[in-house]
Structure formats: structure tokens, C-alpha cells
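Data first, discussion second: the structure below is written as C-alpha cells.
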Amino acid sequence: MAKKKLKALVIVESPAKAKKIGSYLGSKYKVLASMGHVRDLPTKASDVPSEFKKKHKWATLGVNVESEFEPYYLVPKEKKKTVKELKDALKDAEELILATDEDREGESIGWHLTELLKPKVPVKRMVFSEITEEAIQEAIANPRELDLNLVSAQETRRVLDRLYGFTLSPLLWKKIARGLSAGRVQSVAVRILVQRELERLAFKSGTYWDLKAQLKTDAGAEFESMLSTVGGKKVASGKDFDESTGKLKEGANVLLLNEQQADDLLERVKKSDWKVTSVEQRLQSRKPPAPFTTSTLQQEGNRKLNMSARETMQVAQRLYEDGHITYMRTDSVNLSNEAVSASRQRIEDLYGKDYLYPEIRRFDTKSKGAQEAHEAIRPAGKQMKTAEEIGLKGQQAKLYSMIWKRTMATQMEEAKLRFQTVTITAADAEFRATGRHVEFPGFFRAYVEGSDDPEAALDDSESMLPPLEENQALEASQVEPLKHETKPPARYTEASIVRKLESEGVGRPSTYASIIGTIQDRGYVKKSGSQLVPTFTALAVTRLLEKFFPNLVDLQFTAAMEQELDDIAVGEGDRLPYLNQFYRGKEGLDEQVKSKEETIDAREICTLDLEGIESAVRVGRYGPYVSDESEEEPVSASIPDDIAPADLTNELAQKLIRLKSEGPKSLGMHPEENTPIYKLHGPFGPYLQLGDVIEDGPKPKRVSIPKNVDPDSIDFELALKYLSLPRFLGEHPETGKKVNAGIGRFGPYVLHDKVYKSLGKEDDILTIGLDRAVELLKQARKRSAPTPIRDLGKHPEDEEQVAIFDGRYGPYVKHGKINATIPKGYEVETVTLEQALEWIEAKAAKKGTKKAAGKKKAAKKTTKKAAAKKKTTKKAATKKTAAKKTAKKKTAKKKTAKKKTAEE
């Protein structure tokens with residue numbers, strides 16, 4: 001009997017989507033996953049066949065720069081099995097339906113699939129923005145052709161990024177350090193962060209004083225007011241100061257109070273009567289923000305949920321594939337008629353008609369190159385269920401709830417606010433008090449947008465003043481002078497850098513998460529709380545690019561590149577002239593790098609000219625350091641890892657150099673070990689060391705000096721106490737188990753039953769007692785064994801559990817002590833035991849090879865040690881023999897001298 005043909009093979013990108021869509025299409029359709037990209041440019045030289053490399057100079061670049069920038073695509077080893085499965089499935093299908101994501105990347109994957117599978121059956125392109133039964137049925141009934149303009153734009157983008165990265169990155173390796181990379185958007189993002197850091201470094205703080213008064217009405221109601229004017233002249237505030245000088249801006253017509261003037265004014269107003277001189281009120285309406293795009297979702301995820309852009313996109317991807325939200329890579333704020341109707345019905349049901357905006361509210365998409373046919377990110381379907389109704393938990397519930405609330409807000413009534421400004425007079429001074437009251441919450445009932453400024457009040461915050469009227473007498477219950485210092489511009493957070501990149505037209509929101517991740521992975525940026533702090537390496541790289549390739553890190557130039565790609569996407573641009581202009585000719589990137597390479601002085605580029613720092617600051621092979629070259633023998637000292645460029649002061653630089661020039665300072669000999677105790681300074685700060693570093697010998701004991709302890713205060717007795725750590729504090733009153741105190745990588749801590757808790761700033765590691773330790777440990781969260789996301793079953797050989805866990809760098813499979821990362825494109829819900837065993841076996845083999853190499857290295861080291869010992873023994877024996885000979889000679893000489901004396 002002949003095998004029944006499938007109506008169609010449908011190809012999506014992930015197994016989770018395949019399973020969901022397959023359940024909606026039925027048995028006539030076979031839905032398989034491509035696991036993301038099926039082919040790409042070579043990532044390393046070893047991927048390219050040796051014969052091809054011999055034949056073509058450009059082979060490892062992956063782009064034929066000699067002929068129309070034709071890409072050289074390879075199917076990665078891990079994708080060959082997938083491609084074969086797709087080819088086999090296509091043999092039984094009457095047509096091929098490409099159902100990859102609805103963006104440029106998805107269009108590109110669809111085209112690559114047709115190029116690889118070479119179908120002999122009709123090919124259709126199916127697009128949808130949500131994975132619901134209705135959306136899938138509608139999409140399959142209304143297919144379209146592949147959009148080759150989108151494919152061309154994506155390919156041009158990929159080629160452009162390859163030319164940029166592969167041409168500039170090797171230059172950074174030669175001139176700065178190995179492992180660095182340059183990127184079309186990445187390098188611009190780093191430059192933005194560096195510029196802000198340099199602004200902070202150049203910032204000069206200004207000081208000003210004012211008064212704060214706590215006032216009381218006859219009815220006993222209290223409120224706060226701040227000094228506004230003195231003698232009719234406005235009192236200076238932070239915005240009146242020049243950031244580069246710390247002085248008042250030129251032409252600022254304000255009164256700058258010093259401490260004495262503030263105290264004098266305080267005495268005057270204390271003796272004076274306080275009276276309300278004016279009361280102003282104004283009403284204001286607030287409109288809701290537009291529904292979420294990729295960019296605004298990342299920003300709010302960071303502000304409200306403290307999720308990184310990468311985390312936000314990972315959680316959103318899961319929500320989309322599970323059919324809970326619409327496609328999460330979009331720059332459109334458009335909502336479909338169905339979504340609007342469903343939202344309005346839900347608002348009426350939950351909040352009542354008073355909260356429903358009388359007409360349908362639409363939003364204009366401002367993003368360049370936005371695709372209006374796409375929708376904003378919203379809850380999928382027509383029911384607009386809440387996270388609780390769907391049954392979501394954890395991060396998925398939090399992100400979905402935020403999307404749901406923002407969608408509801410778009411169709412809700414405006415919020416009505418009443419603002420009050422009251423002026424109070426005392427002596428020759430005026431004070432101001434401001435209040436706000438939400439008259440009608442409107443869309444605030446559902447959603448309030450976050451702010452990049454952590455100190456800013458949210459829109460729905462209340463700060464009402466008591467009822468006040470003109471000429472009303474008040475009593476000052478407390479008046480105090482306040483000293484203020486102007487603050488440097490804030491560092492960027494993930495939310496604010498995303499907003500900055502989007503506003504400048506640099507990159508695309510769908511790539512921001514990976515860019516922010518990459519600049520951290522490459523060591524250009526470190527995260528401190530929510531701040532993105534550029535490293536000294538970032539300063540050196542930006543310095544090189546700004547000096548020799550200014551266009552490539554220029555915001556306008558990069559935005560223009562993005563526009564060129566957008567023009568190609570809509571069929572209004574041509575890839576070849578653009579790539580020629582970018583790469584070839586005298587002004588092209590290739591010639592620019594070749595001609596400038598010899599003129600770039602690595603030492604000069606790695607020497608950072610930082611304002612206010614007299615010593616040379618350099619980036620070296622082992623990290624940043626300061627150097628004093630005024631003496632014959634220059635002294636260099638590492639800059640501690642936790643010091644940001646803008647936090648390096650001249651005093652700190654001088655101190656680091658002084659400590660290094662003094663060398664290892666011996667505080668004395670340890671009474672038991674009979675070895676010296678040194679006070680040293682390293683990349684991670686000051687520390688104590690017991691004994692010397694001996695080649696091939698055991699590492700000496702080291703203990704970090706706590707950050708709240710001045711290294712200069714450490715004497716011999718104190719050093720002994722630190723080196724004796726950890727301390728036994730006693731037995732825990734509840735468990736009877738030991739409680740210890742020690743210093744670790746992250747500072748002082750107390751430990752009980754594998755539970756660590758850092759000490760507070762007020763605690764001293766040397767004096768902390770058991771009671772305080774127990775109190776701290778109560779605040780600690782016990783580290784329990786990680787809970788698996790999915791249990792896949794037992795290993796066929798030892799019957800131990802094989803499960804999937806969520807790790808710092810994404811999901812992984814675990815068996816015993818072997819952890820194997822789940823490759824890109826595989827979804828947690830669809831991984832099988834067979835696939836997991838394959839990855840575990842590969843990881844175990846790799847680990848075994850490393851172990852063997854380690855054993856070989858250890859054996860070599862042992863042989864080397866034995867040879868060195870033999871050499872030392874031989875040397876000692878030779879010395880002994882030589883000493884014996886010398887002693888013999890001396891005895892003989894003595895005898896001869898004695899004999900001669902006797903004869904005389």
C-alpha cells in the first residue's frame with residue numbers, strides 16, 4: 001500500500017512552537033523545528049575545509065570580498081542531523097510551508113531553508129503574530145511569498161557585521177589585548193558608556209546651602225517647605241552649577257548661600273512670623289503610555305522587575321511560544337481591532353465604564369523602519385486573561401502581568417491630577433511647598449510607567465498639602481540649614497542605554513539584549529547594582545576607534561548605516577554599492593585598517609589621559625595599572641578590580657604607587673610558622689600573606705583586609721589575628737553545629753551548616769560574637785540543592801537521574817557531576833532523554849580529554865620538580881665536596897705553617 005502523502009511540511013524555529021502549532025493543524029500537516037538558523041557564515045577558521053582555504057584568501061572571513069560580497073555559508077555540524085530530518089520529511093509532503101518568525105531574521109531563515117532543502121513542491125510563507133488556534137488557521141489560509149527584500153537586508157546586515165568585526169577585532173588583539181571584539185552597534189554602545197564615565201571623571205562638584213522648614217497649621221497639620229528666594233532673589237540650586245568647574249554657570253542670576261549666610265538667615269526667620277502669601281492650583285491630565293514594543297518592554301522589565309534585557313527577552317520568548325503573548329520582537333505600537341475590542345470589554349468588566357476611554361485610542365509608531373503590519377506586544381487571543389487566570393508563575397507571571405496591565409491602560413480613561421504650589425513668607429525669605437493629589441486615577445488603576453531616575457516620584461504618588469489659604473498664619477516647628485553637593489551625571493542602566501540607542505536610531509531593539517550581554521562578556525562593562533560601569537579596557541578601545549576610525553563609532557554615521565539597511569528591506573536600496581563603499585577603496589574599512597595599523601602606537605593607545613590623574617594610567621596585559629615614571633626605575637601598581645575609571649582619584653593613584661614602591665612590607669615573623677608576614681596590595685585590594693611565593697611550591701596563605709579597615713592600621717598583632725581566621729564562635733543554639741567567622745572572596749562572613757551570611761558594615765570580623773552571628777544567619781537564605789525544571793528519566797547505565805536545570809547562562813542537562821549546556825534552538829519542554837544523553841556523552845568525552853591533558857601536565861610538572869630536586873641535591877653535594885676540599889686545604893696549609901714555625 002502506497003504511503004499517504006502529507007498535505008504540507010510546516011517548518012518553524014523551535015520545538016515548543018512546533019508542538020503547539022501542530023496541535024492546531026492536525027494530522028495532515030507535519031510541523032518540525034529548524035532549531036533556529038540552519039546555516040551561517042563560518043565562526044572559526046577550522047570550520048572551513050582546508051582545500052577551500054588554500055583556494056580562496058577570503059575563506060576564513062566567510063565573505064567573498066573579491067566578487068560581490070557573496071557570503072560563504074556552512075551548515076554547522078550540530079545542524080546536519082536536523083537538515084537531514086527536514087529533507088526526509090519533505091519527501092512525503094505536497095507542499096512546504098515556512099512558518100518562521102515574522103521578522104527579518106525569520107524571513108532569512110525561511111530563505112536559507114529553501115536554499116538547503118531545494119524543494120520540488122510549492123513553497124509558501126505563513127506569518128502570524130500570536131500562537132493561538134484562530135491566528136494559526138488564519139495564517140495557513142492566507143500564505144504569501146518570501147519577501148526577498150527582507151532577506152537581502154538581513155544578509156547585508158550579516159555581511160556588514162562580519163566585515164566590521166573580522167577586520168577590526170584582530171587590530172584590537174594586536175594593539176590592546178586578546179579576546180576583544182569590535183562591532184557595528186556594540187562599539188557605539190561602549191562609546192556612549194565611556195563618554196558618560198569621562199563626564200563623571202571631569203565633573204566638579206559644587207556646594208550650596210538652603211533651609212528646610214517644617215510648618216504647622218492651627219489645626220495641627222504639618223507639611224514641609226523649602227527656601228525659594230531671599231530678598232526677592234532666587235536661591236541657587238543644583239541646575240545652576242557648571243559641571244566642568246563646580247561653580248555657578250556664567251550669567252546665572254541667583255543667590256549662592258554659604259554656611260554662615262544660611263545660619264544668619266536661620267536666625268532671622270526663627271524670630272519672624274510665618275504667613276501664606278499665595279496658593280496656586282492647577283489641574284493636569286495624564287495620557288497612558290503606548291503598548292509595549294521590544295525596546296520599551298526591555299526598559300520596563302529592567303526598571304520594574306530588575307530583569308536584564310537578556311532575561312526579559314528569554315521570558316518573553318517562552319510566553320510567546322506558549323501562546324500567551326504576541327510576537328516579542330516588534331517596534332510597532334499598533335493594536336489589532338480584535339485586541340482593542342477585547343481590552344475594552346475587559347476594562348468595563350473589571351473597572352467599570354467610568355474607567356473606559358470614550359473612544360478607541362490609537363498610537364503613532366515613531367521608530368524608524370517600523371513594520372506597521374506587526375502588532376505591539378500584548379496578551380494573545382481575544383479573552384485578555386490575567387496571569388492568575390492562565391496559571392502562570394514566577395518571572396513569566398510578573399512579565400505577563402506587566403504586559404497585560406500596559407495593554408489595559410492603553411484603552412483606559414486619562415488620569416486627572418491636581419497640583420498645589422504654596423508660597424510662605426518669613427522675614428525677607430520666601431519658602432515653597434508643593435503638593436499633588438490624584439483626583440481620578442484613570443489608567444493608573446492598571447498601570448504606572450517606571451522612571452530611570454530612582455529618586456523620581458511615580459506619577460500616581462500622593463503628597464497632599466493640608467487646606468491652606470492666603471494670609472493664613474503658620475507656626476515653624478523646625479527650621480534647619482541643609483548643605484548640598486551637586487551630583488555627577490548618572491551612569492547608564494540597561495533601561496536607559498536601550499532608550500538612548502533607540503532614540504539615536506542605532507541598532508534595532510531586537511538586538512539590544514544580545515549587545516548588552518556581549519559588552520559585558522567581552523570585559524568592556526561591569527554591572528554594579530543596576531549601573532553599567534565601563535572598564536579601563538573599554539576606555540582604551542574607544543580611544544583607538546575614536547582616534548583612527550571616528551566614523552565607525554559616530555552615532556549619526558551608525559544610524560545612517562541602519563537607515564541604508566532599512567531602505568534595502570523595503571526595496572529602495574542596493575546592497576552592492578553600499579558594501580563597496582563601506583569596505584573597498586581608499587576610504588573603505590579594509591584599506592583604512594591596513595594603512596593605519598603600523599601608525600597605531602599600542603603603548604600610546606593604552607595610556608589613558610584621565611583628568612586630574614598625574615600618574616600615567618595604562619591598560620596592560622594583566623589589566624589596568626598606574627605608573628610613576630619620574631624616577632629612574634618606574635613603579636607600576638595594579639588598579640584594584642572594583643575601582644571604576646571615574647572613581648580613580650589622584651590621591652588613590654599615588655597611594656597605590658607608594659604601596660607598590662615600598663614593596664612587600666614584612667610585619668614580623670610568625671611565631672609558630674617561622675615565616676614572614678607581608679602586607680601587600682593586589683588587583684583585588686590590600687591583603688596579608690604568610691610566607692614567600694616559591695616556584696612550584698604550595699601557595700602561601702592570604703587573607704584580604706576588609707574594605708572598612710585602613711590597611712595602614714594593620715600591625716603585627718592585628719595581622720596575626722586576621723591570619724588565624726576562620727574563628728570558631730561557638731555552637732548554634734538550635735542545631736548544635738559549629739558557627740565560624742572568616743574572610744572570603746566577597747568579604748567577611750559567618751558560616752553555619754553550609755549557610756553563609758556577609759557581615760554588616762558595623763560588624764568586626766575579629767570581635768563578632770555568637771549571638772550577633774546567629775542573628776545574621778537568620779536573615780540568610782539557605783542554599784538548597786537546585787530544583788530541576790524537568791526530570792527526563794534515569795540514565796540507562798547507572799540509573800541516576802537525568803534532569804534539566806536553569807543556570808546562570810541558561811538551561812542545562814545534568815547527570816551526576818556532568819553538566820551540559822542545552823544548544824541554542826532547543827526548548828526545555830521538548831528536550832528528550834536521548835538528546836540529553838548525547839550532550840552528556842559529548843561533555844564527558846571533552847572533560848575526559850581535558851583530564852588526560854591535566855594528568856599529562858601534572859606528570860610533566862612532577863618530572864620537572866624531581867629533576868629540579870635532583871639538580872638541587874647534586875648542587876648541594878658538589879658544594880659539600882668543595883667545602884670539604886677547602887677545609888682539607890686549610891688544614892694542610894695550617895700544618896705546613898706550623899712545621900715551618902717549628903723548624904725556625
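How things are named: the first chain in the C-alpha cells is A, the next is B, and so on; residues count from 1 in each chain; ligands count from 1 in the order shown.
Those residues in region 246-396 of chain A carrying a DSSP assignment of strand (DSSP E or B), computed from the backbone, are Leu248, Leu255, Trp274, Lys275, Val276, Thr277, Ser278, Val279, Glu280, Gln281, Arg282, Leu283, Gln284, Ser285, Arg286, Phe292, Ile325, Leu356, Ile377 and Pro379 of chain A.
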Report as a compact mmCIF listing (two decimals) with N, CA, C and O atoms, in the first residue's frame all protein, DNA and RNA residues lying within 12 Å of Glu414 (chain A), evaluated on only C-alpha atoms, omitting residues in the same chain fewer than 4 positions from it.
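Okay, result_20.txt is ready:
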# COMPACT_ATOMS: atom_id res chain seq x y z
N GLN A 284 -4.16 68.79 35.84
CA GLN A 284 -3.41 68.23 34.71
C GLN A 284 -3.92 66.83 34.40
O GLN A 284 -4.26 66.07 35.30
N SER A 285 -3.96 66.53 33.09
CA SER A 285 -4.37 65.18 32.67
C SER A 285 -3.14 64.40 32.19
O SER A 285 -2.24 64.98 31.60
N ARG A 286 -3.12 63.12 32.48
CA ARG A 286 -2.03 62.25 32.00
C ARG A 286 -2.61 61.17 31.10
O ARG A 286 -3.57 60.50 31.46
N LYS A 287 -1.97 61.05 29.92
CA LYS A 287 -2.41 60.01 28.98
C LYS A 287 -1.60 58.74 29.22
O LYS A 287 -0.43 58.81 29.61
N PRO A 288 -2.17 57.57 28.95
CA PRO A 288 -1.41 56.33 29.17
C PRO A 288 -0.29 56.17 28.14
O PRO A 288 -0.37 56.72 27.04
N PRO A 289 0.75 55.42 28.50
CA PRO A 289 1.83 55.17 27.54
C PRO A 289 1.35 54.19 26.47
O PRO A 289 0.35 53.48 26.65
N ASP A 354 -16.69 53.98 33.91
CA ASP A 354 -16.02 55.25 34.21
C ASP A 354 -14.53 55.21 33.84
O ASP A 354 -13.93 56.26 33.61
N TYR A 355 -13.97 54.03 33.82
CA TYR A 355 -12.54 53.90 33.54
C TYR A 355 -12.23 53.60 32.07
O TYR A 355 -11.07 53.48 31.69
N LEU A 356 -13.26 53.48 31.27
CA LEU A 356 -13.07 53.19 29.85
C LEU A 356 -13.02 54.50 29.06
O LEU A 356 -13.91 55.33 29.18
N TYR A 357 -11.97 54.67 28.25
CA TYR A 357 -11.85 55.88 27.43
C TYR A 357 -13.00 55.88 26.42
O TYR A 357 -13.30 54.83 25.82
N PRO A 358 -13.68 57.00 26.21
CA PRO A 358 -14.89 57.00 25.37
C PRO A 358 -14.69 56.56 23.94
O PRO A 358 -15.63 56.11 23.28
N GLU A 359 -13.50 56.73 23.40
CA GLU A 359 -13.26 56.29 22.02
C GLU A 359 -12.00 55.42 21.94
O GLU A 359 -11.19 55.42 22.87
N ARG A 361 -8.43 54.39 21.40
CA ARG A 361 -7.19 55.18 21.38
C ARG A 361 -6.14 54.46 20.53
O ARG A 361 -5.89 53.27 20.71
N ALA A 409 -4.19 49.61 30.08
CA ALA A 409 -4.04 51.06 30.28
C ALA A 409 -4.26 51.84 28.99
O ALA A 409 -4.79 52.96 29.02
N THR A 410 -3.90 51.26 27.85
CA THR A 410 -3.98 52.00 26.58
C THR A 410 -5.40 52.42 26.23
O THR A 410 -5.61 53.40 25.51
N VAL A 438 -4.16 62.84 43.31
CA VAL A 438 -4.80 62.16 42.17
C VAL A 438 -6.30 62.31 42.32
O VAL A 438 -6.93 61.70 43.19
N GLU A 439 -6.88 63.19 41.48
CA GLU A 439 -8.32 63.46 41.53
C GLU A 439 -9.12 62.26 41.01
O GLU A 439 -10.14 61.88 41.57
N PHE A 440 -8.61 61.69 39.90
CA PHE A 440 -9.23 60.50 39.32
C PHE A 440 -8.11 59.62 38.75
O PHE A 440 -7.34 60.07 37.89
N PRO A 441 -7.97 58.38 39.24
CA PRO A 441 -6.81 57.57 38.83
C PRO A 441 -6.79 57.15 37.36
O PRO A 441 -5.71 56.97 36.79
N GLY A 442 -7.95 57.00 36.73
CA GLY A 442 -7.97 56.59 35.33
C GLY A 442 -7.12 55.35 35.10
O GLY A 442 -7.25 54.35 35.82
N PHE A 443 -6.22 55.42 34.11
CA PHE A 443 -5.40 54.25 33.76
C PHE A 443 -4.40 53.86 34.87
O PHE A 443 -3.84 52.76 34.85
N PHE A 444 -4.17 54.78 35.85
CA PHE A 444 -3.31 54.43 36.99
C PHE A 444 -3.82 53.19 37.72
O PHE A 444 -3.05 52.50 38.38
N ARG A 445 -5.12 52.93 37.62
CA ARG A 445 -5.69 51.73 38.28
C ARG A 445 -5.02 50.47 37.76
O ARG A 445 -4.90 49.48 38.48
N ALA A 446 -4.59 50.53 36.51
CA ALA A 446 -3.97 49.34 35.91
C ALA A 446 -2.45 49.44 35.85
O ALA A 446 -1.74 48.47 36.13
N TYR A 447 -1.95 50.63 35.47
CA TYR A 447 -0.52 50.68 35.15
C TYR A 447 0.08 52.07 35.35
O TYR A 447 -0.52 53.08 34.96
N VAL A 448 1.29 52.10 35.95
CA VAL A 448 2.04 53.35 36.10
C VAL A 448 3.43 53.09 35.55
O VAL A 448 4.11 52.14 35.95
Quick one: residues within 9 Å of Val774 (chain A), only C-alpha atoms counted, chain neighbours fewer than 2 positions away excluded, as a PyMOL selection string?
chain A and resi 732-733+739+750+752+769-772+776-778
With a distance cut-off of 12 Å and only C-alpha atoms, select the neighbouring residues of Asp218 (chain A), excluding the residue or stretch itself and same-chain residues fewer than 4 positions from it, and output the selection as an MDAnalysis selection string.
chainID A and resid 222 466:468 472:477
Dump of N, CA and C atoms for the selected residues, as a PDB file, in the first residue's frame:
ATOM      1  N   GLU A 222       0.830  69.167  59.655  1.00  0.00           N
ATOM      2  CA  GLU A 222       2.213  69.562  59.359  1.00  0.00           C
ATOM      3  C   GLU A 222       2.553  69.292  57.896  1.00  0.00           C
ATOM      4  N   PRO A 466      -2.099  70.208  53.400  1.00  0.00           N
ATOM      5  CA  PRO A 466      -3.354  70.465  54.130  1.00  0.00           C
ATOM      6  C   PRO A 466      -4.081  71.672  53.508  1.00  0.00           C
ATOM      7  N   PRO A 467      -5.338  71.884  53.794  1.00  0.00           N
ATOM      8  CA  PRO A 467      -6.050  73.071  53.260  1.00  0.00           C
ATOM      9  C   PRO A 467      -5.351  74.353  53.722  1.00  0.00           C
ATOM     10  N   LEU A 468      -4.968  75.199  52.764  1.00  0.00           N
ATOM     11  CA  LEU A 468      -4.268  76.449  53.078  1.00  0.00           C
ATOM     12  C   LEU A 468      -4.903  77.605  52.299  1.00  0.00           C
ATOM     13  N   GLN A 472      -2.928  83.175  55.775  1.00  0.00           N
ATOM     14  CA  GLN A 472      -3.050  82.255  56.912  1.00  0.00           C
ATOM     15  C   GLN A 472      -1.741  82.224  57.694  1.00  0.00           C
ATOM     16  N   ALA A 473      -1.818  82.318  58.994  1.00  0.00           N
ATOM     17  CA  ALA A 473      -0.627  82.273  59.851  1.00  0.00           C
ATOM     18  C   ALA A 473      -0.210  80.825  60.089  1.00  0.00           C
ATOM     19  N   LEU A 474       1.094  80.607  60.119  1.00  0.00           N
ATOM     20  CA  LEU A 474       1.648  79.275  60.329  1.00  0.00           C
ATOM     21  C   LEU A 474       2.699  79.314  61.435  1.00  0.00           C
ATOM     22  N   GLU A 475       2.943  78.168  61.997  1.00  0.00           N
ATOM     23  CA  GLU A 475       3.991  78.057  63.025  1.00  0.00           C
ATOM     24  C   GLU A 475       5.122  77.184  62.483  1.00  0.00           C
ATOM     25  N   ALA A 476       6.373  77.624  62.673  1.00  0.00           N
ATOM     26  CA  ALA A 476       7.529  76.833  62.239  1.00  0.00           C
ATOM     27  C   ALA A 476       7.953  75.932  63.389  1.00  0.00           C
ATOM     28  N   SER A 477       7.662  74.623  63.279  1.00  0.00           N
ATOM     29  CA  SER A 477       8.033  73.695  64.359  1.00  0.00           C
ATOM     30  C   SER A 477       9.523  73.347  64.301  1.00  0.00           C
TER      31      SER A 477
END
Pro624 (chain A) surroundings by only C-alpha atoms, 9 Å radius, close-in-sequence under 4 positions cut, as a list of chain:residue names
A:Thr535, A:Phe536, A:Thr537, A:Val617, A:Arg618, A:Val619, A:Gly620, A:Ala637, A:Ser638, A:Ile639, A:Pro640, A:Asp641, A:Pro683
